[in-house]
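The data block below is protein26.cif; it holds mmCIF, N, CA and C atoms.
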```
data_model
loop_
_atom_site.group_PDB
_atom_site.id
_atom_site.type_symbol
_atom_site.label_atom_id
_atom_site.label_comp_id
_atom_site.auth_asym_id
_atom_site.auth_seq_id
_atom_site.Cartn_x
_atom_site.Cartn_y
_atom_site.Cartn_z
ATOM 1 N N MET A 1 21.687 70.277 140.026
ATOM 2 C CA MET A 1 21.286 71.200 138.990
ATOM 3 C C MET A 1 20.804 72.462 139.690
ATOM 4 N N VAL A 2 21.290 73.581 139.212
ATOM 5 C CA VAL A 2 20.938 74.879 139.785
ATOM 6 C C VAL A 2 20.357 75.769 138.697
ATOM 7 N N PHE A 3 19.467 76.656 139.101
ATOM 8 C CA PHE A 3 18.913 77.576 138.119
ATOM 9 C C PHE A 3 19.981 78.562 137.674
ATOM 10 N N HIS A 4 20.748 79.072 138.634
ATOM 11 C CA HIS A 4 21.751 80.098 138.369
ATOM 12 C C HIS A 4 23.075 79.664 138.990
ATOM 13 N N LEU A 5 24.181 79.844 138.289
ATOM 14 C CA LEU A 5 25.504 79.429 138.779
ATOM 15 C C LEU A 5 26.018 80.393 139.847
ATOM 16 N N SER A 6 25.413 80.361 141.011
ATOM 17 C CA SER A 6 25.795 81.288 142.072
ATOM 18 C C SER A 6 26.518 80.605 143.229
ATOM 19 N N TRP A 7 26.736 79.306 143.149
ATOM 20 C CA TRP A 7 27.339 78.554 144.241
ATOM 21 C C TRP A 7 28.720 78.024 143.873
ATOM 22 N N GLY A 8 29.455 78.732 143.064
ATOM 23 C CA GLY A 8 30.747 78.263 142.568
ATOM 24 C C GLY A 8 31.748 77.896 143.643
ATOM 25 N N TYR A 9 31.967 78.790 144.600
ATOM 26 C CA TYR A 9 32.947 78.509 145.651
ATOM 27 C C TYR A 9 32.478 77.368 146.548
ATOM 28 N N PHE A 10 31.191 77.369 146.860
ATOM 29 C CA PHE A 10 30.627 76.303 147.690
ATOM 30 C C PHE A 10 30.785 74.951 146.984
ATOM 31 N N ALA A 11 30.417 74.901 145.727
ATOM 32 C CA ALA A 11 30.533 73.660 144.953
ATOM 33 C C ALA A 11 31.990 73.205 144.876
ATOM 34 N N GLN A 12 32.883 74.128 144.651
ATOM 35 C CA GLN A 12 34.304 73.779 144.554
ATOM 36 C C GLN A 12 34.810 73.215 145.880
ATOM 37 N N GLN A 13 34.435 73.828 146.985
ATOM 38 C CA GLN A 13 34.891 73.394 148.302
ATOM 39 C C GLN A 13 34.459 71.954 148.601
ATOM 40 N N TYR A 14 33.256 71.583 148.160
ATOM 41 C CA TYR A 14 32.708 70.260 148.461
ATOM 42 C C TYR A 14 32.738 69.312 147.264
ATOM 43 N N HIS A 15 33.525 69.667 146.271
ATOM 44 C CA HIS A 15 33.716 68.821 145.089
ATOM 45 C C HIS A 15 32.390 68.478 144.412
ATOM 46 N N LEU A 16 31.559 69.497 144.265
ATOM 47 C CA LEU A 16 30.277 69.355 143.577
ATOM 48 C C LEU A 16 30.375 70.024 142.220
ATOM 49 N N LYS A 17 29.534 69.608 141.318
ATOM 50 C CA LYS A 17 29.483 70.230 139.996
ATOM 51 C C LYS A 17 28.121 70.882 139.822
ATOM 52 N N GLN A 18 28.136 72.136 139.431
ATOM 53 C CA GLN A 18 26.889 72.840 139.150
ATOM 54 C C GLN A 18 26.525 72.664 137.680
ATOM 55 N N ILE A 19 25.280 72.370 137.429
ATOM 56 C CA ILE A 19 24.761 72.343 136.063
ATOM 57 C C ILE A 19 23.680 73.416 136.020
ATOM 58 N N ALA A 20 23.899 74.435 135.212
ATOM 59 C CA ALA A 20 22.982 75.581 135.186
ATOM 60 C C ALA A 20 21.792 75.342 134.269
ATOM 61 N N VAL A 21 20.626 75.748 134.745
ATOM 62 C CA VAL A 21 19.420 75.719 133.924
ATOM 63 C C VAL A 21 19.415 76.932 133.001
ATOM 64 N N GLU A 22 19.706 78.098 133.574
ATOM 65 C CA GLU A 22 19.707 79.297 132.738
ATOM 66 C C GLU A 22 21.046 79.424 132.025
ATOM 67 N N LYS A 23 20.992 79.965 130.842
ATOM 68 C CA LYS A 23 22.189 80.201 130.032
ATOM 69 C C LYS A 23 22.200 81.663 129.622
ATOM 70 N N LYS A 24 23.304 82.323 129.889
ATOM 71 C CA LYS A 24 23.447 83.745 129.552
ATOM 72 C C LYS A 24 22.292 84.569 130.120
ATOM 73 N N SER A 25 21.936 84.273 131.378
ATOM 74 C CA SER A 25 20.875 84.985 132.116
ATOM 75 C C SER A 25 19.496 84.840 131.498
ATOM 76 N N LYS A 26 19.280 83.767 130.751
ATOM 77 C CA LYS A 26 17.972 83.544 130.131
ATOM 78 C C LYS A 26 17.481 82.137 130.434
ATOM 79 N N THR A 27 16.173 82.028 130.635
ATOM 80 C CA THR A 27 15.543 80.729 130.822
ATOM 81 C C THR A 27 15.660 79.943 129.523
ATOM 82 N N PRO A 28 15.916 78.644 129.598
ATOM 83 C CA PRO A 28 16.123 77.876 128.367
ATOM 84 C C PRO A 28 14.877 77.791 127.491
ATOM 85 N N LYS A 29 15.122 77.713 126.219
ATOM 86 C CA LYS A 29 14.057 77.522 125.235
ATOM 87 C C LYS A 29 13.742 76.021 125.176
ATOM 88 N N PRO A 30 12.714 75.600 124.446
ATOM 89 C CA PRO A 30 12.327 74.185 124.422
ATOM 90 C C PRO A 30 13.473 73.216 124.113
ATOM 91 N N ARG A 31 14.306 73.529 123.153
ATOM 92 C CA ARG A 31 15.421 72.632 122.810
ATOM 93 C C ARG A 31 16.393 72.501 123.991
ATOM 94 N N GLY A 32 16.631 73.608 124.674
ATOM 95 C CA GLY A 32 17.500 73.584 125.851
ATOM 96 C C GLY A 32 16.892 72.786 126.985
ATOM 97 N N LEU A 33 15.562 72.884 127.153
ATOM 98 C CA LEU A 33 14.885 72.100 128.180
ATOM 99 C C LEU A 33 14.999 70.605 127.900
ATOM 100 N N VAL A 34 14.858 70.223 126.644
ATOM 101 C CA VAL A 34 15.004 68.809 126.273
ATOM 102 C C VAL A 34 16.406 68.314 126.631
ATOM 103 N N ALA A 35 17.413 69.118 126.339
ATOM 104 C CA ALA A 35 18.794 68.743 126.669
ATOM 105 C C ALA A 35 18.979 68.621 128.177
ATOM 106 N N LEU A 36 18.392 69.542 128.950
ATOM 107 C CA LEU A 36 18.491 69.477 130.406
ATOM 108 C C LEU A 36 17.785 68.252 130.967
ATOM 109 N N ILE A 37 16.652 67.900 130.401
ATOM 110 C CA ILE A 37 15.923 66.713 130.848
ATOM 111 C C ILE A 37 16.747 65.459 130.584
ATOM 112 N N LYS A 38 17.334 65.365 129.407
ATOM 113 C CA LYS A 38 18.190 64.216 129.092
ATOM 114 C C LYS A 38 19.381 64.153 130.041
ATOM 115 N N LEU A 39 20.001 65.298 130.280
ATOM 116 C CA LEU A 39 21.151 65.363 131.172
ATOM 117 C C LEU A 39 20.767 64.949 132.593
ATOM 118 N N SER A 40 19.623 65.433 133.057
ATOM 119 C CA SER A 40 19.190 65.084 134.414
ATOM 120 C C SER A 40 18.862 63.602 134.528
ATOM 121 N N LYS A 41 18.304 63.011 133.491
ATOM 122 C CA LYS A 41 18.039 61.567 133.506
ATOM 123 C C LYS A 41 19.342 60.780 133.501
ATOM 124 N N ASN A 42 20.294 61.203 132.698
ATOM 125 C CA ASN A 42 21.585 60.511 132.611
ATOM 126 C C ASN A 42 22.357 60.557 133.931
ATOM 127 N N HIS A 43 22.165 61.643 134.693
ATOM 128 C CA HIS A 43 22.899 61.812 135.950
ATOM 129 C C HIS A 43 22.012 61.597 137.177
ATOM 130 N N ASN A 44 20.803 61.099 136.958
ATOM 131 C CA ASN A 44 19.854 60.811 138.041
ATOM 132 C C ASN A 44 19.615 62.036 138.936
ATOM 133 N N ILE A 45 19.479 63.192 138.333
ATOM 134 C CA ILE A 45 19.213 64.433 139.065
ATOM 135 C C ILE A 45 17.722 64.511 139.337
ATOM 136 N N LYS A 46 17.392 64.725 140.605
ATOM 137 C CA LYS A 46 15.980 64.726 140.995
ATOM 138 C C LYS A 46 15.458 66.091 141.428
ATOM 139 N N VAL A 47 16.364 67.047 141.715
ATOM 140 C CA VAL A 47 15.926 68.374 142.159
ATOM 141 C C VAL A 47 16.720 69.462 141.449
ATOM 142 N N ILE A 48 16.126 70.638 141.452
ATOM 143 C CA ILE A 48 16.793 71.842 140.954
ATOM 144 C C ILE A 48 16.814 72.823 142.117
ATOM 145 N N PHE A 49 17.994 73.360 142.407
ATOM 146 C CA PHE A 49 18.136 74.344 143.470
ATOM 147 C C PHE A 49 18.028 75.736 142.857
ATOM 148 N N VAL A 50 17.142 76.550 143.432
ATOM 149 C CA VAL A 50 16.957 77.916 142.950
ATOM 150 C C VAL A 50 16.980 78.865 144.131
ATOM 151 N N SER A 51 17.255 80.110 143.854
ATOM 152 C CA SER A 51 17.169 81.159 144.862
ATOM 153 C C SER A 51 15.769 81.744 144.816
ATOM 154 N N PRO A 52 15.291 82.257 145.936
ATOM 155 C CA PRO A 52 13.953 82.848 145.944
ATOM 156 C C PRO A 52 13.796 83.981 144.939
ATOM 157 N N GLN A 53 14.905 84.587 144.526
ATOM 158 C CA GLN A 53 14.860 85.708 143.591
ATOM 159 C C GLN A 53 14.572 85.279 142.156
ATOM 160 N N PHE A 54 14.646 83.979 141.860
ATOM 161 C CA PHE A 54 14.478 83.489 140.498
ATOM 162 C C PHE A 54 13.165 82.734 140.326
ATOM 163 N N SER A 55 12.816 82.480 139.092
ATOM 164 C CA SER A 55 11.591 81.781 138.737
ATOM 165 C C SER A 55 11.559 80.386 139.350
ATOM 166 N N GLN A 56 10.370 79.984 139.816
ATOM 167 C CA GLN A 56 10.198 78.664 140.431
ATOM 168 C C GLN A 56 8.912 78.049 139.926
ATOM 169 N N GLY A 57 8.993 77.335 138.830
ATOM 170 C CA GLY A 57 7.774 76.818 138.243
ATOM 171 C C GLY A 57 7.565 75.328 138.345
ATOM 172 N N ALA A 58 8.376 74.601 139.124
ATOM 173 C CA ALA A 58 8.253 73.144 139.154
ATOM 174 C C ALA A 58 8.157 72.640 140.592
ATOM 175 N N ASP A 59 7.633 71.424 140.738
ATOM 176 C CA ASP A 59 7.483 70.815 142.060
ATOM 177 C C ASP A 59 8.809 70.357 142.654
ATOM 178 N N ASN A 60 9.748 69.990 141.832
ATOM 179 C CA ASN A 60 11.014 69.448 142.328
ATOM 180 C C ASN A 60 12.082 70.537 142.457
ATOM 181 N N VAL A 61 11.655 71.708 142.911
ATOM 182 C CA VAL A 61 12.547 72.855 143.085
ATOM 183 C C VAL A 61 12.754 73.072 144.579
ATOM 184 N N ILE A 62 14.012 73.274 144.980
ATOM 185 C CA ILE A 62 14.341 73.539 146.375
ATOM 186 C C ILE A 62 15.032 74.901 146.450
ATOM 187 N N ASN A 63 14.554 75.746 147.367
ATOM 188 C CA ASN A 63 15.138 77.081 147.537
ATOM 189 C C ASN A 63 16.417 77.030 148.362
ATOM 190 N N ILE A 64 17.456 77.665 147.855
ATOM 191 C CA ILE A 64 18.654 77.974 148.624
ATOM 192 C C ILE A 64 19.033 79.397 148.233
ATOM 193 N N ASP A 65 19.274 80.224 149.220
ATOM 194 C CA ASP A 65 19.428 81.655 148.966
ATOM 195 C C ASP A 65 20.889 82.082 149.036
ATOM 196 N N PHE A 66 21.486 82.392 147.898
ATOM 197 C CA PHE A 66 22.882 82.822 147.879
ATOM 198 C C PHE A 66 23.039 84.271 148.313
ATOM 199 N N LEU A 67 21.936 84.968 148.537
ATOM 200 C CA LEU A 67 21.995 86.358 148.983
ATOM 201 C C LEU A 67 21.554 86.524 150.442
ATOM 202 N N ALA A 68 21.507 85.447 151.202
ATOM 203 C CA ALA A 68 21.034 85.518 152.586
ATOM 204 C C ALA A 68 21.950 86.398 153.432
ATOM 205 N N TYR A 69 21.360 87.157 154.319
ATOM 206 C CA TYR A 69 22.115 88.062 155.176
ATOM 207 C C TYR A 69 23.013 87.292 156.137
ATOM 208 N N ASP A 70 22.481 86.256 156.775
ATOM 209 C CA ASP A 70 23.236 85.441 157.732
ATOM 210 C C ASP A 70 23.942 84.329 156.961
ATOM 211 N N TYR A 71 25.051 84.672 156.327
ATOM 212 C CA TYR A 71 25.702 83.749 155.397
ATOM 213 C C TYR A 71 26.253 82.502 156.075
ATOM 214 N N GLU A 72 26.698 82.585 157.330
ATOM 215 C CA GLU A 72 27.246 81.399 157.986
ATOM 216 C C GLU A 72 26.175 80.328 158.184
ATOM 217 N N ASN A 73 25.048 80.720 158.752
ATOM 218 C CA ASN A 73 23.954 79.755 158.928
ATOM 219 C C ASN A 73 23.387 79.325 157.584
ATOM 220 N N ASN A 74 23.366 80.242 156.633
ATOM 221 C CA ASN A 74 22.868 79.909 155.305
ATOM 222 C C ASN A 74 23.727 78.817 154.660
ATOM 223 N N LEU A 75 25.045 78.907 154.793
ATOM 224 C CA LEU A 75 25.919 77.882 154.225
ATOM 225 C C LEU A 75 25.694 76.534 154.897
ATOM 226 N N ARG A 76 25.529 76.532 156.217
ATOM 227 C CA ARG A 76 25.246 75.275 156.931
ATOM 228 C C ARG A 76 23.918 74.679 156.468
ATOM 229 N N ASN A 77 22.896 75.534 156.399
ATOM 230 C CA ASN A 77 21.576 75.055 155.963
ATOM 231 C C ASN A 77 21.609 74.561 154.525
ATOM 232 N N THR A 78 22.350 75.244 153.674
ATOM 233 C CA THR A 78 22.475 74.824 152.282
ATOM 234 C C THR A 78 23.118 73.449 152.197
ATOM 235 N N ALA A 79 24.178 73.234 152.963
ATOM 236 C CA ALA A 79 24.831 71.919 152.980
ATOM 237 C C ALA A 79 23.852 70.833 153.413
ATOM 238 N N LYS A 80 23.034 71.112 154.430
ATOM 239 C CA LYS A 80 22.046 70.136 154.880
ATOM 240 C C LYS A 80 21.007 69.849 153.800
ATOM 241 N N VAL A 81 20.537 70.917 153.143
ATOM 242 C CA VAL A 81 19.529 70.755 152.091
ATOM 243 C C VAL A 81 20.073 69.911 150.946
ATOM 244 N N ILE A 82 21.300 70.195 150.528
ATOM 245 C CA ILE A 82 21.904 69.431 149.443
ATOM 246 C C ILE A 82 22.111 67.988 149.865
ATOM 247 N N PHE A 83 22.620 67.783 151.071
ATOM 248 C CA PHE A 83 22.828 66.422 151.574
ATOM 249 C C PHE A 83 21.511 65.652 151.615
ATOM 250 N N ASN A 84 20.463 66.274 152.143
ATOM 251 C CA ASN A 84 19.168 65.599 152.256
ATOM 252 C C ASN A 84 18.531 65.329 150.894
ATOM 253 N N SER A 85 18.889 66.089 149.888
ATOM 254 C CA SER A 85 18.307 65.868 148.556
ATOM 255 C C SER A 85 18.840 64.592 147.915
ATOM 256 N N TYR A 86 19.954 64.072 148.438
ATOM 257 C CA TYR A 86 20.557 62.848 147.888
ATOM 258 C C TYR A 86 20.014 61.591 148.563
ATOM 259 N N LYS A 87 19.187 61.719 149.569
ATOM 260 C CA LYS A 87 18.654 60.544 150.276
ATOM 261 C C LYS A 87 17.653 59.812 149.435
#
```

As structure tokens, please, write out the structure in this file.
Amino acid sequence: MVFHLSWGYFAQQYHLKQIAVEKKSKTPKPRGLVALIKLSKNHNIKVIFVSPQFSQGADNVINIDFLAYDYENNLRNTAKVIFNSYK
């Protein structure tokens, strides 16, 4: 689960599916949050990946920066972070 759908090519390359928290550039309203909670329970999602540029209001949030200057190392680090989140 990601706050913003900014990892499309990365997800496609590694056969991952992004589930966005924000819809149409807006934080979800209560009904949308309930739907996201149900979805995360159904798919056993334990973390939300966000960029430092976006809101981070929960404990189970992990930063991954799609705007990092050193994109090669950033992609490697992102892969490690995602892999480690599944342990």

Strand (DSSP E or B) per DSSP on the backbone: members of segment 22-81 of chain A, as number ranges by chain: A: 23, 26, 48-50, 61-63

Quick one: write out the picked residues with N, CA and C atoms as a PDB file, in the coordinates of the input?
```pdb
ATOM      1  N   LYS A  23      20.992  79.965 130.842  1.00  0.00           N
ATOM      2  CA  LYS A  23      22.189  80.201 130.032  1.00  0.00           C
ATOM      3  C   LYS A  23      22.200  81.663 129.622  1.00  0.00           C
ATOM      4  N   LYS A  26      19.280  83.767 130.751  1.00  0.00           N
ATOM      5  CA  LYS A  26      17.972  83.544 130.131  1.00  0.00           C
ATOM      6  C   LYS A  26      17.481  82.137 130.434  1.00  0.00           C
ATOM      7  N   ILE A  48      16.126  70.638 141.452  1.00  0.00           N
ATOM      8  CA  ILE A  48      16.793  71.842 140.954  1.00  0.00           C
ATOM      9  C   ILE A  48      16.814  72.823 142.117  1.00  0.00           C
ATOM     10  N   PHE A  49      17.994  73.360 142.407  1.00  0.00           N
ATOM     11  CA  PHE A  49      18.136  74.344 143.470  1.00  0.00           C
ATOM     12  C   PHE A  49      18.028  75.736 142.857  1.00  0.00           C
ATOM     13  N   VAL A  50      17.142  76.550 143.432  1.00  0.00           N
ATOM     14  CA  VAL A  50      16.957  77.916 142.950  1.00  0.00           C
ATOM     15  C   VAL A  50      16.980  78.865 144.131  1.00  0.00           C
ATOM     16  N   VAL A  61      11.655  71.708 142.911  1.00  0.00           N
ATOM     17  CA  VAL A  61      12.547  72.855 143.085  1.00  0.00           C
ATOM     18  C   VAL A  61      12.754  73.072 144.579  1.00  0.00           C
ATOM     19  N   ILE A  62      14.012  73.274 144.980  1.00  0.00           N
ATOM     20  CA  ILE A  62      14.341  73.539 146.375  1.00  0.00           C
ATOM     21  C   ILE A  62      15.032  74.901 146.450  1.00  0.00           C
ATOM     22  N   ASN A  63      14.554  75.746 147.367  1.00  0.00           N
ATOM     23  CA  ASN A  63      15.138  77.081 147.537  1.00  0.00           C
ATOM     24  C   ASN A  63      16.417  77.030 148.362  1.00  0.00           C
TER      25      ASN A  63
END
```

Neighbour residues at most 12 Å from (23.6, 77.9, 153.4) (only C-alpha atoms) as a VMD selection string: chain A and resid 7 10 to 11 49 51 63 to 83

Pairwise distance for atom C of Gly32 of chain A and atom N of Asn84 of chain A, rounded to one decimal in Å: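 The value is 26.2 Å.
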
Atom-to-atom span, atom CA of Tyr14 of chain A and atom C of Pro28 of chain A, Å: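 Straight-line distance from atom CA of Tyr14 of chain A to atom C of Pro28 of chain A works out to 28.5 Å.
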
Computed interatomic separation between atom CA of Val47 of chain A and atom CA of Gln12 of chain A (Å):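 One can read the atom CA of Val47 of chain A to atom CA of Gln12 of chain A distance as 19.3 Å.
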
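Residues selected in this file by the PyMOL selection byres ((chain A and resi 1) around 6) comprise Val2, Phe3, Gln18, Ile19, Ala20, Val21, Val47, Ile48 and Phe49 of chain A.
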
Give the centre and edge lengths of an axis-aligned box, in Å to one decimal, that holds all listed atoms of segment 33-39 of chain A with 4 Å on each side, as lines of an AutoDock Vina configuration file.
```
center_x = 18.0
center_y = 68.5
center_z = 129.4
size_x = 14.3
size_y = 16.7
size_z = 14.3
```

Residues flagged alpha helix (DSSP H) by DSSP in chain A, as a VMD selection string: chain A and resid 8 to 13 30 to 42 71 to 85

Pick from A:Ile45, A:Lys38, A:Tyr9, A:His4 nearest to Lys23 of chain A, counting only C-alpha atoms: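 Going through A:Ile45, A:Lys38, A:Tyr9, A:His4 one by one, the smallest distance to Lys23 of chain A is for A:His4.
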